[in-house]
Each structure stands twice: as C-alpha cells, then as structure tokens.
Amino acid sequence: MTYKILHLDNCEMTQVGFEQIATNYCCVDFIIAGDKDFKECSQLLKSYKPDLTVINLDNIDHLLASQLIEHVGENYEKTNIVLVANSMSEKNYEAYYEKGVRGFLYLNSDQQSIIDCILSMYKHDAYVSEEFKQSFQNNSLFDRDRVIKSLKSLTFKELKVSELIILGKTTSEIADILCNSKRTIDAHRRNISEKLRLIGNKSSLATFLIENQNIFHELFNFKKAI
C-alpha cells in the first residue's frame, strides 16, 4: 500500500531531502506544495487525501499552518500532521498538541530520525525529536498540574489498568483480572500513554505512574504500590 504524503514547504533543499529519504525507504506517493494559500491547500487535501501532511513552520506562514491544522482536525481524521522547525518552545508544542498534532520533527534531523518519524505516523504514534525535548526547560512532564490534568482525562477502565500497573501487574495479569484479552490491555496502555504524552518520551508508563502514584491515590483513592 502506498503511503501518501503532502509536504508544505517553500525551501527546495528540505523539499528534496525529505522526499528522497521518504521514497528511498518505503513506497510513498509524494506531493510538494509551496507558496499556496489556504484555499489551494484545502483543495489539495480534499483531492489528494494524504495519510500525512508535513508543514515546515520555518517558511510556511504560521497563520496558514494553524488554519490547516484546524481544518485537518475537523475534516480528515485519518490524516496525521508533522510540524518541522529549527526550534520549538514547549508552549508552542503544548498548543499544537492540543490541536491534534502528533509529529514534531527537528529541521536538521538525520535520515534515521526522519524515517522514525514517518514510521511513527504510519502507526499513528506520536513523535517528538530529541532536540525539541532537550530544549524544553525543566522537563515539566512530571509537573503536578500537568499530571493531574492528564490523569483526569483517563476513562474508568484506563484508570483501573493504571492502578494495576502501579501495583506491578504484567499485561497478562491485568488481562486476567479484568477479563480482557492481552491485545485489549495493550490498546488501553497505548491510549493511556498517548493521553499522558509518554509516547516518544524516554519515561515509561510504569515509571510515570509509580512516580506519580501519590497524586493518583489523592485523585481516585486507588491502592498504592508498597
């Protein structure tokens, strides 16, 4: 199956580089679009229906980028977005993440990083370049307010899975306790990691939950690990 990529970029060098890496690695149908307004870009999205839209924030107007992100979120559920930039503040990352963007690629990424990003998007996983994560000051992943907000977004079933992870249960054990298949529990773990913004981060789900189990207990009165 061909993976369709729409690349919005006004820099010929990055256009060519990204296309060569993508097409050399997998079967890709690639369209490059630069110097287009919102109407032209929305028409491309409608006619082409890309699996992935790549936007270079360093040379595409930010207002246009924001309009396209919202347009994709409202009309193209299966289209992932990757934002490419030379720098990314944590504030902007948070804002774009809230709008549904899951790919954040450093402009000067090496070939393997670009491939990893594309593969993550293909699997509908999030991807954040190490360069961006290292630039986020004080790594607020474990910030109390963020942890509370993230945990409150979990469903009851996801909370039960999280509780059992805190108690040290394996996926197989959780599946038996909740009378679900291992595949279902794996799906829950992935959804939890997504909501807690752990996908693409070095911190594991178990580490995050155990580190924050006091907050978890305060919010939901579930058991703590010994």
# chains A, B, ... in the order shown; residues from 1 in each chain; ligands from 1
>>> residues_around(residues="A:Gln111", least_positions_apart="6", cutoff="10 Å", atoms="only C-alpha atoms", output="list in words")
Gly17, Phe18, Gln20, Ile21, Ala22, Tyr25 and Cys117 of chain A
>>> residues_around(residues="stretch 43-49 of chain A", least_positions_apart="5", cutoff="12 Å", atoms="only C-alpha atoms", output="PyMOL selection string")
chain A and resi 3-8+29-34+36-38+54+68-69+71-73+75-81
>>> write_last_selection(atoms="C-alpha atoms", output="compact mmCIF listing (two decimals), in the first residue's frame")
# COMPACT_ATOMS: atom_id res chain seq x y z
CA TYR A 3 1.68 5.99 1.91
CA LYS A 4 0.58 9.42 0.70
CA ILE A 5 2.49 12.47 1.95
CA LEU A 6 1.65 16.11 1.31
CA HIS A 7 4.69 18.31 2.02
CA LEU A 8 4.08 22.04 2.53
CA ASP A 29 3.26 8.99 -3.15
CA PHE A 30 4.71 12.46 -2.56
CA ILE A 31 3.28 15.89 -3.36
CA ILE A 32 5.20 19.10 -2.61
CA ALA A 33 3.23 22.32 -2.26
CA GLY A 34 4.80 25.70 -1.59
CA LYS A 36 -0.09 28.24 -1.72
CA ASP A 37 -2.89 29.90 0.22
CA PHE A 38 -5.44 28.21 2.44
CA VAL A 54 4.23 17.76 6.66
CA LEU A 68 -4.61 23.90 8.07
CA ILE A 69 -4.12 22.11 11.39
CA HIS A 71 -9.02 22.12 9.01
CA VAL A 72 -7.37 18.69 9.08
CA GLY A 73 -8.58 18.07 12.64
CA ASN A 75 -12.31 17.09 8.33
CA TYR A 76 -9.58 14.45 7.96
CA GLU A 77 -9.43 12.17 10.98
CA LYS A 78 -7.02 9.74 9.32
CA THR A 79 -4.51 12.41 8.24
CA ASN A 80 -1.57 12.85 10.61
CA ILE A 81 0.40 16.10 10.80
>>> atom_distance(atom1="atom CA of A:Arg197", atom2="atom CA of A:Asn56")
22.7 Å
>>> select_by_dssp(residues="stretch 25-194 of chain A", states="alpha helix (DSSP H)", output="number ranges by chain")
A: 25, 38-48, 62-75, 90-98, 111-122, 130-135, 144-152, 156-166, 171-178, 182-194
>>> residues_around(residues="stretch 100-109 of chain A", least_positions_apart="2", cutoff="7 Å", atoms="only C-alpha atoms", output="list in words")
Gly73, Ile81, Val82, Leu83, Val84, Ala85, Asn86, Tyr96, Tyr97, Glu98, Gln111, Ser113, Ile114, Ala126, Tyr127, Val128, Ser129 and Glu131 of chain A
>>> closest_residue(among="A:Thr184, A:Ser135, A:Thr2, A:Thr207", to="A:Gly168", atoms="only C-alpha atoms")
A:Thr207
>>> atom_distance(atom1="atom CA of A:Glu94", atom2="atom CA of A:Leu159")
23.3 Å
>>> closest_residue(among="A:Asp51, A:Leu119, A:Leu198, A:Ile215", to="A:Asp145", atoms="only C-alpha atoms")
A:Ile215
